[in-house]
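Here's start_19.cif, which has mmCIF, C-alpha atoms:
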```cif
data_work
#
loop_
_atom_site.group_PDB
_atom_site.id
_atom_site.type_symbol
_atom_site.label_atom_id
_atom_site.label_comp_id
_atom_site.auth_asym_id
_atom_site.auth_seq_id
_atom_site.Cartn_x
_atom_site.Cartn_y
_atom_site.Cartn_z
ATOM 1 C CA MET A 19 -1.847 -13.753 -9.977
ATOM 2 C CA ILE A 20 -2.666 -11.132 -7.305
ATOM 3 C CA ASN A 21 -4.882 -12.159 -4.396
ATOM 4 C CA PHE A 22 -7.447 -9.905 -2.777
ATOM 5 C CA ASP A 23 -5.691 -9.793 0.607
ATOM 6 C CA LYS A 24 -2.471 -8.536 -0.980
ATOM 7 C CA VAL A 25 -4.289 -5.742 -2.804
ATOM 8 C CA THR A 26 -6.095 -4.728 0.370
ATOM 9 C CA ASP A 27 -2.932 -4.637 2.463
ATOM 10 C CA ILE A 28 -1.052 -2.504 -0.064
ATOM 11 C CA PHE A 29 -3.959 -0.121 -0.601
ATOM 12 C CA CYS A 30 -4.543 0.417 3.127
ATOM 13 C CA LEU A 31 -0.862 1.188 3.696
ATOM 14 C CA VAL A 32 -0.709 3.530 0.699
ATOM 15 C CA ASP A 33 -3.979 5.259 1.579
ATOM 16 C CA GLU A 34 -2.835 5.970 5.132
ATOM 17 C CA PHE A 35 0.400 7.440 3.809
ATOM 18 C CA CYS A 36 -1.387 9.583 1.209
ATOM 19 C CA ASN A 37 -3.720 11.044 3.845
ATOM 20 C CA ASN A 38 -0.740 12.037 5.995
ATOM 21 C CA PHE A 39 1.089 13.347 2.939
ATOM 22 C CA ASP A 40 -1.825 15.538 1.857
ATOM 23 C CA ASN A 41 -2.281 16.937 5.363
ATOM 24 C CA SER A 42 1.413 17.813 5.559
ATOM 25 C CA THR A 43 1.683 19.462 2.115
ATOM 26 C CA LYS A 44 -1.689 21.213 1.694
ATOM 27 C CA ASP A 45 -0.308 24.491 3.084
ATOM 28 C CA PHE A 46 2.559 24.535 0.566
ATOM 29 C CA ILE A 47 0.619 23.908 -2.663
ATOM 30 C CA LEU A 48 0.803 26.767 -5.175
ATOM 31 C CA GLY A 49 -2.407 27.946 -6.787
ATOM 32 C CA LYS A 50 -5.985 27.016 -6.029
ATOM 33 C CA PRO A 51 -7.032 23.382 -5.794
ATOM 34 C CA SER A 52 -9.316 22.029 -8.499
ATOM 35 C CA LYS A 53 -13.026 22.136 -7.720
ATOM 36 C CA ARG A 54 -13.672 19.136 -9.921
ATOM 37 C CA PRO A 55 -13.383 15.899 -7.909
ATOM 38 C CA ALA A 56 -10.804 13.411 -9.133
ATOM 39 C CA ILE A 57 -12.092 10.223 -10.745
ATOM 40 C CA MET A 58 -9.251 8.159 -9.320
ATOM 41 C CA SER A 59 -7.647 8.931 -5.991
ATOM 42 C CA LYS A 60 -3.927 9.253 -5.426
ATOM 43 C CA SER A 61 -3.992 6.034 -3.397
ATOM 44 C CA GLU A 62 -5.518 4.061 -6.279
ATOM 45 C CA VAL A 63 -2.972 5.340 -8.787
ATOM 46 C CA ILE A 64 -0.009 4.454 -6.569
ATOM 47 C CA THR A 65 -1.467 1.048 -5.679
ATOM 48 C CA ILE A 66 -1.943 0.075 -9.339
ATOM 49 C CA THR A 67 1.592 1.278 -10.093
ATOM 50 C CA ILE A 68 2.944 -1.067 -7.410
ATOM 51 C CA LEU A 69 0.703 -4.002 -8.349
ATOM 52 C CA PHE A 70 2.041 -4.013 -11.905
ATOM 53 C CA HIS A 71 5.494 -5.008 -10.649
ATOM 54 C CA LEU A 72 3.941 -7.828 -8.600
ATOM 55 C CA SER A 73 1.651 -9.118 -11.348
ATOM 56 C CA GLY A 74 4.137 -10.810 -13.664
ATOM 57 C CA PHE A 75 3.022 -8.768 -16.704
ATOM 58 C CA ARG A 76 5.790 -7.492 -18.968
ATOM 59 C CA CYS A 77 3.799 -4.594 -20.442
ATOM 60 C CA PHE A 78 1.991 -2.061 -18.250
ATOM 61 C CA LYS A 79 -0.524 -1.219 -20.982
ATOM 62 C CA HIS A 80 -1.681 -4.826 -21.187
ATOM 63 C CA PHE A 81 -1.816 -5.063 -17.414
ATOM 64 C CA TYR A 82 -3.963 -1.946 -17.050
ATOM 65 C CA ILE A 83 -6.352 -2.543 -19.958
ATOM 66 C CA TYR A 84 -6.757 -6.320 -19.922
ATOM 67 C CA TYR A 85 -6.414 -7.035 -16.199
ATOM 68 C CA VAL A 86 -7.172 -4.005 -14.031
ATOM 69 C CA GLN A 87 -10.097 -2.684 -16.077
ATOM 70 C CA LYS A 88 -11.583 -6.148 -16.669
ATOM 71 C CA HIS A 89 -10.779 -8.295 -13.636
ATOM 72 C CA MET A 90 -10.312 -5.730 -10.856
ATOM 73 C CA GLN A 91 -13.459 -3.638 -11.250
ATOM 74 C CA ASP A 92 -14.523 -4.468 -7.699
ATOM 75 C CA ASP A 93 -11.275 -3.019 -6.337
ATOM 76 C CA PHE A 94 -10.996 -0.064 -8.748
ATOM 77 C CA PRO A 95 -14.499 0.757 -10.076
ATOM 78 C CA ASN A 96 -13.685 4.228 -11.474
ATOM 79 C CA THR A 97 -10.755 3.742 -13.813
ATOM 80 C CA VAL A 98 -9.678 6.292 -16.395
ATOM 81 C CA SER A 99 -8.227 5.780 -19.864
ATOM 82 C CA TYR A 100 -4.721 4.411 -20.230
ATOM 83 C CA ASN A 101 -3.269 7.697 -21.527
ATOM 84 C CA ARG A 102 -4.788 9.618 -18.636
ATOM 85 C CA PHE A 103 -3.508 7.078 -16.128
ATOM 86 C CA THR A 104 0.075 7.422 -17.368
ATOM 87 C CA GLU A 105 -0.233 11.172 -16.773
ATOM 88 C CA LEU A 106 -1.510 10.543 -13.244
ATOM 89 C CA MET A 107 1.401 8.185 -12.567
ATOM 90 C CA GLN A 108 3.974 10.819 -13.456
ATOM 91 C CA SER A 109 2.168 13.560 -11.514
ATOM 92 C CA ASN A 110 2.331 11.400 -8.368
ATOM 93 C CA ILE A 111 6.049 10.665 -8.521
ATOM 94 C CA LEU A 112 6.737 12.789 -5.417
ATOM 95 C CA PRO A 113 4.387 10.896 -3.040
ATOM 96 C CA LEU A 114 5.538 7.649 -4.667
ATOM 97 C CA THR A 115 9.158 8.443 -3.823
ATOM 98 C CA MET A 116 8.294 9.612 -0.315
ATOM 99 C CA PHE A 117 6.366 6.399 0.288
ATOM 100 C CA LEU A 118 9.453 4.404 -0.667
ATOM 101 C CA GLN A 119 11.705 6.474 1.594
ATOM 102 C CA THR A 120 9.457 6.403 4.655
ATOM 103 C CA CYS A 121 7.625 3.066 4.542
ATOM 104 C CA CYS A 122 9.552 0.575 2.407
ATOM 105 C CA LEU A 123 13.218 0.738 3.431
ATOM 106 C CA GLY A 124 14.736 -1.633 5.973
ATOM 107 C CA LYS A 125 16.883 -0.979 9.045
ATOM 108 C CA CYS A 126 20.634 -1.389 9.236
ATOM 109 C CA THR A 127 21.854 -4.368 11.283
ATOM 110 C CA GLY A 128 25.581 -3.582 11.189
ATOM 111 C CA ILE A 129 26.217 -5.867 8.200
ATOM 112 C CA SER A 130 25.505 -4.222 4.844
ATOM 113 C CA PHE A 131 26.313 -4.833 1.184
ATOM 114 C CA VAL A 132 26.656 -2.231 -1.571
ATOM 115 C CA ASP A 133 26.655 -2.713 -5.325
ATOM 116 C CA SER A 134 25.608 -1.051 -8.573
ATOM 117 C CA THR A 135 23.751 -2.501 -11.529
ATOM 118 C CA PRO A 136 23.293 -1.137 -15.077
ATOM 119 C CA ILE A 137 19.876 0.216 -16.043
ATOM 120 C CA ARG A 138 19.816 0.131 -19.843
ATOM 121 C CA VAL A 139 17.332 2.345 -21.642
ATOM 122 C CA CYS A 140 17.922 0.896 -25.101
ATOM 123 C CA LYS A 141 20.097 -1.564 -26.968
ATOM 124 C CA ASN A 142 23.576 -0.488 -28.001
ATOM 125 C CA LYS A 143 22.742 -0.381 -31.717
ATOM 126 C CA ARG A 144 19.995 2.191 -31.012
ATOM 127 C CA ILE A 145 22.088 4.591 -28.923
ATOM 128 C CA LYS A 146 22.421 7.220 -31.648
ATOM 129 C CA ARG A 147 18.688 7.050 -32.476
ATOM 130 C CA ASN A 148 17.459 7.382 -28.893
ATOM 131 C CA LYS A 149 15.657 10.710 -28.384
ATOM 132 C CA VAL A 150 13.975 10.251 -25.011
ATOM 133 C CA PHE A 151 17.217 10.186 -23.007
ATOM 134 C CA LYS A 152 19.340 12.328 -25.331
ATOM 135 C CA ASP A 153 21.969 14.344 -23.391
ATOM 136 C CA ILE A 154 20.738 12.703 -20.144
ATOM 137 C CA ALA A 155 21.779 9.048 -20.287
ATOM 138 C CA GLN A 156 25.439 8.220 -20.839
ATOM 139 C CA VAL A 157 27.527 5.316 -22.070
ATOM 140 C CA GLY A 158 29.139 3.261 -19.308
ATOM 141 C CA LYS A 159 30.937 -0.020 -18.895
ATOM 142 C CA SER A 160 30.130 -2.930 -16.601
ATOM 143 C CA THR A 161 31.418 -6.474 -16.280
ATOM 144 C CA MET A 162 29.032 -7.434 -19.105
ATOM 145 C CA GLY A 163 30.358 -4.775 -21.495
ATOM 146 C CA TYR A 164 29.275 -1.306 -22.585
ATOM 147 C CA PHE A 165 25.729 -0.060 -22.102
ATOM 148 C CA TYR A 166 23.692 3.138 -22.495
ATOM 149 C CA GLY A 167 21.635 4.387 -19.603
ATOM 150 C CA PHE A 168 22.058 4.777 -15.855
ATOM 151 C CA LYS A 169 23.356 2.990 -12.762
ATOM 152 C CA LEU A 170 21.248 1.946 -9.799
ATOM 153 C CA HIS A 171 23.255 1.918 -6.562
ATOM 154 C CA ILE A 172 21.675 0.099 -3.613
ATOM 155 C CA VAL A 173 22.674 -0.859 -0.083
ATOM 156 C CA ILE A 174 21.027 -3.874 1.556
ATOM 157 C CA ASN A 175 21.311 -5.563 4.944
ATOM 158 C CA ASP A 176 21.846 -9.264 5.664
ATOM 159 C CA LYS A 177 18.044 -9.793 5.478
ATOM 160 C CA GLY A 178 17.891 -8.657 1.853
ATOM 161 C CA GLU A 179 16.077 -5.396 2.687
ATOM 162 C CA ILE A 180 17.007 -2.257 0.758
ATOM 163 C CA LEU A 181 18.495 0.379 3.077
ATOM 164 C CA SER A 182 19.367 3.108 0.603
ATOM 165 C CA PHE A 183 19.401 3.741 -3.142
ATOM 166 C CA THR A 184 20.485 6.343 -5.663
ATOM 167 C CA ILE A 185 20.559 6.713 -9.441
ATOM 168 C CA THR A 186 23.518 8.057 -11.406
ATOM 169 C CA GLN A 187 24.546 8.255 -15.024
ATOM 170 C CA ALA A 188 26.296 5.245 -16.499
ATOM 171 C CA ASN A 189 29.736 6.901 -16.668
ATOM 172 C CA VAL A 190 29.833 7.768 -12.939
ATOM 173 C CA ASP A 191 32.309 5.809 -10.830
ATOM 174 C CA ASP A 192 30.779 3.339 -8.359
ATOM 175 C CA ARG A 193 32.643 4.976 -5.459
ATOM 176 C CA GLU A 194 31.146 8.438 -5.987
ATOM 177 C CA PRO A 195 27.770 7.749 -4.265
ATOM 178 C CA LEU A 196 29.619 6.566 -1.136
ATOM 179 C CA LYS A 197 31.035 10.083 -0.765
ATOM 180 C CA ASN A 198 27.505 11.431 -0.414
ATOM 181 C CA GLU A 199 26.435 11.639 3.230
ATOM 182 C CA ASN A 200 22.745 11.192 2.418
ATOM 183 C CA PHE A 201 23.367 7.873 0.662
ATOM 184 C CA LEU A 202 24.945 6.322 3.785
ATOM 185 C CA LYS A 203 23.064 8.396 6.332
ATOM 186 C CA ASN A 204 21.594 5.478 8.316
ATOM 187 C CA ILE A 205 24.362 2.946 7.608
ATOM 188 C CA PHE A 206 26.810 1.830 10.282
ATOM 189 C CA GLY A 207 29.054 -1.130 10.980
ATOM 190 C CA LYS A 208 30.640 -3.170 8.194
ATOM 191 C CA LEU A 209 29.962 -2.477 4.526
ATOM 192 C CA PHE A 210 30.987 -5.210 2.069
ATOM 193 C CA ALA A 211 31.694 -4.392 -1.579
ATOM 194 C CA ASP A 212 33.471 -5.775 -4.637
ATOM 195 C CA LYS A 213 36.860 -4.792 -6.076
ATOM 196 C CA GLY A 214 35.433 -1.758 -7.839
ATOM 197 C CA TYR A 215 35.123 0.048 -4.492
ATOM 198 C CA ILE A 216 38.801 -0.239 -3.494
ATOM 199 C CA SER A 217 40.085 3.158 -2.332
ATOM 200 C CA LYS A 218 42.302 4.086 0.610
ATOM 201 C CA GLU A 219 40.914 7.607 0.856
ATOM 202 C CA LEU A 220 37.320 6.413 0.731
ATOM 203 C CA THR A 221 38.015 3.806 3.412
ATOM 204 C CA LYS A 222 39.428 6.479 5.723
ATOM 205 C CA ILE A 223 36.493 8.822 5.121
ATOM 206 C CA LEU A 224 33.917 6.130 5.840
ATOM 207 C CA PHE A 225 35.806 4.865 8.886
ATOM 208 C CA VAL A 226 35.521 8.304 10.492
ATOM 209 C CA ASP A 227 31.736 8.115 9.989
ATOM 210 C CA GLY A 228 31.541 4.701 11.693
ATOM 211 C CA ILE A 229 31.538 2.547 8.541
ATOM 212 C CA HIS A 230 34.160 -0.135 7.918
ATOM 213 C CA LEU A 231 34.449 -0.680 4.155
ATOM 214 C CA ILE A 232 35.582 -4.247 3.392
ATOM 215 C CA THR A 233 36.497 -5.289 -0.148
ATOM 216 C CA SER A 234 38.332 -8.161 -1.766
ATOM 217 C CA ILE A 235 41.817 -7.519 -3.142
ATOM 218 C CA ARG A 236 43.050 -7.498 -6.724
ATOM 219 C CA ASN A 237 45.587 -9.975 -8.065
ATOM 220 C CA ASN A 238 48.403 -7.419 -8.080
ATOM 221 C CA MET A 239 47.800 -6.302 -4.471
ATOM 222 C CA LYS A 240 49.448 -7.559 -1.319
ATOM 223 C CA ASN A 241 47.429 -9.812 0.918
ATOM 224 C CA SER A 242 45.975 -8.231 4.065
ATOM 225 C CA LEU A 243 44.865 -9.685 7.367
ATOM 226 C CA MET A 244 41.121 -10.150 7.743
ATOM 227 C CA ASP A 245 38.860 -11.755 10.310
ATOM 228 C CA MET A 246 37.394 -15.111 9.367
ATOM 229 C CA CYS A 247 33.902 -13.691 9.891
ATOM 230 C CA ASP A 248 34.638 -10.883 7.423
ATOM 231 C CA LYS A 249 35.986 -13.360 4.863
ATOM 232 C CA ILE A 250 32.810 -15.427 5.098
ATOM 233 C CA ASN A 251 30.553 -12.383 4.772
ATOM 234 C CA LEU A 252 32.607 -11.178 1.822
ATOM 235 C CA ARG A 253 31.917 -14.473 0.070
ATOM 236 C CA LYS A 254 28.210 -13.981 0.796
ATOM 237 C CA ARG A 255 28.238 -10.720 -1.170
ATOM 238 C CA SER A 256 26.439 -12.509 -3.990
ATOM 239 C CA VAL A 257 23.213 -11.895 -2.052
ATOM 240 C CA ILE A 258 23.089 -8.317 -3.364
ATOM 241 C CA GLU A 259 23.586 -9.565 -6.917
ATOM 242 C CA THR A 260 20.552 -11.778 -6.396
ATOM 243 C CA VAL A 261 18.598 -8.729 -5.255
ATOM 244 C CA ASN A 262 19.640 -6.857 -8.416
ATOM 245 C CA ASP A 263 18.525 -9.824 -10.502
ATOM 246 C CA GLU A 264 15.087 -9.858 -8.853
ATOM 247 C CA LEU A 265 14.709 -6.117 -9.344
ATOM 248 C CA LYS A 266 15.355 -6.483 -13.059
ATOM 249 C CA ASN A 267 13.592 -9.753 -13.898
ATOM 250 C CA MET A 268 10.745 -9.817 -11.376
ATOM 251 C CA CYS A 269 10.115 -6.136 -10.606
ATOM 252 C CA GLN A 270 11.104 -4.986 -14.111
ATOM 253 C CA VAL A 271 12.967 -1.831 -13.167
ATOM 254 C CA GLU A 272 14.760 -2.118 -16.524
ATOM 255 C CA HIS A 273 13.129 -2.115 -19.957
ATOM 256 C CA SER A 274 13.444 -0.217 -23.247
ATOM 257 C CA ARG A 275 9.863 1.014 -23.694
ATOM 258 C CA HIS A 276 10.102 4.364 -21.908
ATOM 259 C CA ARG A 277 8.582 7.357 -23.688
ATOM 260 C CA SER A 278 9.535 10.029 -21.139
ATOM 261 C CA ILE A 279 11.924 10.660 -18.257
ATOM 262 C CA GLY A 280 9.024 10.770 -15.803
ATOM 263 C CA ASN A 281 7.881 7.327 -16.900
ATOM 264 C CA PHE A 282 11.398 5.983 -16.360
ATOM 265 C CA PHE A 283 11.628 7.211 -12.766
ATOM 266 C CA THR A 284 8.051 6.179 -11.956
ATOM 267 C CA ASN A 285 8.714 2.655 -13.170
ATOM 268 C CA LEU A 286 11.998 2.451 -11.254
ATOM 269 C CA ILE A 287 10.537 3.694 -7.957
ATOM 270 C CA GLY A 288 7.510 1.431 -8.331
ATOM 271 C CA GLY A 289 9.773 -1.584 -8.803
ATOM 272 C CA LEU A 290 11.757 -0.788 -5.653
ATOM 273 C CA ILE A 291 8.525 -0.466 -3.671
ATOM 274 C CA ALA A 292 7.186 -3.743 -5.048
ATOM 275 C CA TYR A 293 10.379 -5.525 -3.961
ATOM 276 C CA SER A 294 9.727 -4.488 -0.346
ATOM 277 C CA PHE A 295 6.434 -6.414 -0.453
ATOM 278 C CA PHE A 296 8.086 -9.692 -1.457
ATOM 279 C CA PRO A 297 7.284 -12.289 1.223
ATOM 280 C CA LYS A 298 10.717 -13.893 0.850
ATOM 281 C CA LYS A 299 13.891 -11.990 0.079
ATOM 282 C CA PRO A 300 17.473 -13.207 -0.498
ATOM 283 C CA SER A 301 19.185 -13.258 2.886
ATOM 284 C CA ILE A 302 22.095 -14.703 4.819
ATOM 285 C CA VAL A 303 21.334 -17.461 7.313
ATOM 286 C CA TYR A 304 23.483 -17.642 10.437
ATOM 287 C CA ASN A 305 23.709 -21.020 12.141
ATOM 288 C CA THR A 306 24.979 -20.754 15.699
ATOM 289 C CA ILE A 307 26.462 -23.959 17.096
ATOM 290 C CA VAL A 308 26.204 -24.382 20.854
ATOM 291 C CA SER A 309 28.829 -26.785 22.191
ATOM 292 C CA SER A 310 29.884 -27.733 25.721
ATOM 293 C CA GLN A 311 33.380 -28.777 24.607
ATOM 294 C CA LEU A 312 36.404 -26.965 26.023
ATOM 295 C CA GLN A 313 38.403 -24.852 23.610
ATOM 296 C CA LEU A 314 42.178 -25.195 23.585
ATOM 297 C CA PHE A 315 44.330 -22.146 22.981
#
```
Could you render the structure as structure tokens?
Amino acid sequence: MINFDKVTDIFCLVDEFCNNFDNSTKDFILGKPSKRPAIMSKSEVITITILFHLSGFRCFKHFYIYYVQKHMQDDFPNTVSYNRFTELMQSNILPLTMFLQTCCLGKCTGISFVDSTPIRVCKNKRIKRNKVFKDIAQVGKSTMGYFYGFKLHIVINDKGEILSFTITQANVDDREPLKNENFLKNIFGKLFADKGYISKELTKILFVDGIHLITSIRNNMKNSLMDMCDKINLRKRSVIETVNDELKNMCQVEHSRHRSIGNFFTNLIGGLIAYSFFPKKPSIVYNTIVSSQLQLF
């Protein structure tokens, strides 16, 4: 399940971040701090939130009650009730997000891939009865049909590391996040995408910022010249679809059991953090052939 060394590594990294976070934000907190000491620290709450996505459990309640409180008492001796812990999770969404932004994102290598994936909050037959995401989630369409919820947009490098992410409503066009400077702030070089990102204006805008947007062409479009290296990398774009599949099926960023908006974002951020701790990520392998033969031109 989860070994002791993995728990220790994650907790030490989270605890160091939380100490720096508290020292940086203590002067900006409104009101007086509570005199009553907390039963569980901020580091413990964030660590358990991350461990759930690495445990293989499908239900967080079962994971917390039947695994953490019974089999991890040596690691977390002072646990609170399940209802109280869910409140602590949502109250720590800011440090959780900052931890993802500062400690869990990869570095751009010049070869990046961008894609969006649906995040459904309920089944289609329950759209009209959904009250948690009423007037917030929207109906959108993907290659698999219509869905109700949001879209997760991510950018990864050739090593499978997440470089940037954003969340939009389901009816937002996939090209809209690319117009946001913060989304592609640390991205440079070549950015590979599918046919849904085709846009002459967007290509010109990104090219000025040092990003070369490369997409495949539609059937009714004229063929364009492209380097062989770009054609090969464009065929390797399935690596980001594999990352989306792992985020949904292994990190469980998508499920229909949310009872609040805060729980939805906490679960999503926790899944993205857990993915960064995977020992092996989908990546592209480059095999360089060294030959002493003369090339004829």
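As for CA of Lys88 (chain A) and CA of Leu290 (chain A), they are spaced 26.4 Å apart.
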* To do: May I ask which of the residues A:Ala211, A:Leu286, A:Ile291, A:Ile258 is the closest one to Gln270 (chain A), counting all atoms listed in the file?
  =>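 Under the stated criterion, the closest residue is A:Leu286.
Evaluated against the shown file, the PyMOL selection byres ((chain A and resi 174) around 7) gives A:Ser130, A:Phe131, A:Val132, A:Ile172, A:Val173, A:Asn175, A:Asp176, A:Gly178, A:Glu179, A:Ile180, A:Leu181, A:Ile258.
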How would the residues just picked look written out with C-alpha atoms as a JSON list (two decimals), in the coordinates of the input?
```json
[["chain", "number", "residue", "atom", "x", "y", "z"],
["A", 130, "SER", "CA", 25.50, -4.22, 4.84],
["A", 131, "PHE", "CA", 26.31, -4.83, 1.18],
["A", 132, "VAL", "CA", 26.66, -2.23, -1.57],
["A", 172, "ILE", "CA", 21.68, 0.10, -3.61],
["A", 173, "VAL", "CA", 22.67, -0.86, -0.08],
["A", 175, "ASN", "CA", 21.31, -5.56, 4.94],
["A", 176, "ASP", "CA", 21.85, -9.26, 5.66],
["A", 178, "GLY", "CA", 17.89, -8.66, 1.85],
["A", 179, "GLU", "CA", 16.08, -5.40, 2.69],
["A", 180, "ILE", "CA", 17.01, -2.26, 0.76],
["A", 181, "LEU", "CA", 18.50, 0.38, 3.08],
["A", 258, "ILE", "CA", 23.09, -8.32, -3.36]]
```
* Asked: In terms of the shortest atom-to-atom distance over all atoms listed in the file, which of A:Cys247, A:Leu231, A:Leu69, A:Val32 is closest to Cys121 (chain A)?
  ->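 Once distances to Cys121 (chain A) are computed over all atoms listed in the file, the minimum belongs to A:Val32.
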* Anything within 10 Å of (32.6, 6.5, -3.2): list those residues as a ChimeraX atom specification, counting all atoms listed in the file and sticking to the file's coordinates. => /A:191-198,214-217,219-221,223-224
So that I have them on file, write out the residues from the current selection with C-alpha atoms, as a compact mmCIF listing (two decimals), in the coordinates of the input.
```
# COMPACT_ATOMS: atom_id res chain seq x y z
CA ASP A 191 32.31 5.81 -10.83
CA ASP A 192 30.78 3.34 -8.36
CA ARG A 193 32.64 4.98 -5.46
CA GLU A 194 31.15 8.44 -5.99
CA PRO A 195 27.77 7.75 -4.26
CA LEU A 196 29.62 6.57 -1.14
CA LYS A 197 31.04 10.08 -0.76
CA ASN A 198 27.50 11.43 -0.41
CA GLY A 214 35.43 -1.76 -7.84
CA TYR A 215 35.12 0.05 -4.49
CA ILE A 216 38.80 -0.24 -3.49
CA SER A 217 40.08 3.16 -2.33
CA GLU A 219 40.91 7.61 0.86
CA LEU A 220 37.32 6.41 0.73
CA THR A 221 38.02 3.81 3.41
CA ILE A 223 36.49 8.82 5.12
CA LEU A 224 33.92 6.13 5.84
```
Need to verify the contact set: region 51-57 of chain A, 8 Å, only C-alpha atoms, exclusion of same-chain residues closer than 3 positions in sequence. Can you return it as a PDB file with C-alpha atoms, in the coordinates of the input?
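Below you can see part-v8.pdb, which holds the result:
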```pdb
ATOM      1  CA  ASN A  96     -13.685   4.228 -11.474  1.00  0.00           C
ATOM      2  CA  THR A  97     -10.755   3.742 -13.813  1.00  0.00           C
ATOM      3  CA  VAL A  98      -9.678   6.292 -16.395  1.00  0.00           C
TER       4      VAL A  98
END
```
* **Å distance separating CA of Lys79 (chain A) from CA of Thr184 (chain A), one decimal place** => 27.1 Å
* **Which of A:Met239, A:Leu202, A:Leu106, A:Ile137 sits closest to Asn262 (chain A) [using only C-alpha atoms]** => A:Ile137
Taking the file as I've supplied it (selection: the PyMOL selection byres ((chain A and resi 278) around 12)), which residues are included? Please answer as a short mmCIF file (atom, residue, chain, number, x, y, z; two decimals) with C-alpha atoms, keeping the file's coordinate frame.
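Written output follows (result-v2.cif):
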```
data_model
loop_
_atom_site.label_atom_id
_atom_site.label_comp_id
_atom_site.auth_asym_id
_atom_site.auth_seq_id
_atom_site.Cartn_x
_atom_site.Cartn_y
_atom_site.Cartn_z
CA THR A 104 0.08 7.42 -17.37
CA GLU A 105 -0.23 11.17 -16.77
CA MET A 107 1.40 8.18 -12.57
CA GLN A 108 3.97 10.82 -13.46
CA VAL A 139 17.33 2.35 -21.64
CA ASN A 148 17.46 7.38 -28.89
CA LYS A 149 15.66 10.71 -28.38
CA VAL A 150 13.98 10.25 -25.01
CA PHE A 151 17.22 10.19 -23.01
CA LYS A 152 19.34 12.33 -25.33
CA ILE A 154 20.74 12.70 -20.14
CA SER A 274 13.44 -0.22 -23.25
CA ARG A 275 9.86 1.01 -23.69
CA HIS A 276 10.10 4.36 -21.91
CA ARG A 277 8.58 7.36 -23.69
CA ILE A 279 11.92 10.66 -18.26
CA GLY A 280 9.02 10.77 -15.80
CA ASN A 281 7.88 7.33 -16.90
CA PHE A 282 11.40 5.98 -16.36
CA PHE A 283 11.63 7.21 -12.77
CA THR A 284 8.05 6.18 -11.96
CA ASN A 285 8.71 2.66 -13.17
#
```
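CA of Phe210 (chain A) is positioned 18.8 Å from CA of Ser160 (chain A).
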* Between A:Ser182, A:Ser61, A:Asn251, A:Ser234, single out the one closest to Cys122 (chain A), counting only C-alpha atoms. =>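 Closest candidate: A:Ser182.
Counting all atoms listed in the file, the residue from A:Asn21, A:Thr43, A:Gln119, A:Thr135 that sits nearest to Lys266 (chain A) is A:Thr135.
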* **Which of A:Ser256, A:Ser73, A:Asn41, A:Asn189 sits closest to Phe296 (chain A) [using all atoms listed in the file]** => A:Ser73
Name the residues captured by the PyMOL selection byres ((chain A and resi 67) around 9) when it is applied to the shown file; answer as an mmCIF file with C-alpha atoms, keeping the file's coordinate frame.
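selection_24.cif, written as the output of this step:
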```
data_model
loop_
_atom_site.group_PDB
_atom_site.id
_atom_site.type_symbol
_atom_site.label_atom_id
_atom_site.label_comp_id
_atom_site.auth_asym_id
_atom_site.auth_seq_id
_atom_site.Cartn_x
_atom_site.Cartn_y
_atom_site.Cartn_z
ATOM 1 C CA GLU A 62 -5.518 4.061 -6.279
ATOM 2 C CA VAL A 63 -2.972 5.340 -8.787
ATOM 3 C CA ILE A 64 -0.009 4.454 -6.569
ATOM 4 C CA THR A 65 -1.467 1.048 -5.679
ATOM 5 C CA ILE A 66 -1.943 0.075 -9.339
ATOM 6 C CA ILE A 68 2.944 -1.067 -7.410
ATOM 7 C CA LEU A 69 0.703 -4.002 -8.349
ATOM 8 C CA PHE A 70 2.041 -4.013 -11.905
ATOM 9 C CA HIS A 71 5.494 -5.008 -10.649
ATOM 10 C CA PHE A 78 1.991 -2.061 -18.250
ATOM 11 C CA MET A 107 1.401 8.185 -12.567
ATOM 12 C CA THR A 284 8.051 6.179 -11.956
ATOM 13 C CA ASN A 285 8.714 2.655 -13.170
ATOM 14 C CA GLY A 288 7.510 1.431 -8.331
ATOM 15 C CA GLY A 289 9.773 -1.584 -8.803
#
```
Take every atom of region 104-119 of chain A listed in the file, pad by 6 Å on each side, and give me the axis-aligned box centre and edge lengths in Å, one decimal, as JSON.
```
{"center_x": 5.1, "center_y": 9.0, "center_z": -7.9, "size_x": 25.2, "size_y": 21.2, "size_z": 31.0}
```
* To do: Just give me the residues with any atom within 12 Å of (-2.7, 11.9, 0.6), file coordinates, counting only C-alpha atoms, written as number ranges by chain.
  => A: 30-44, 59-64, 110, 112-114, 116-117
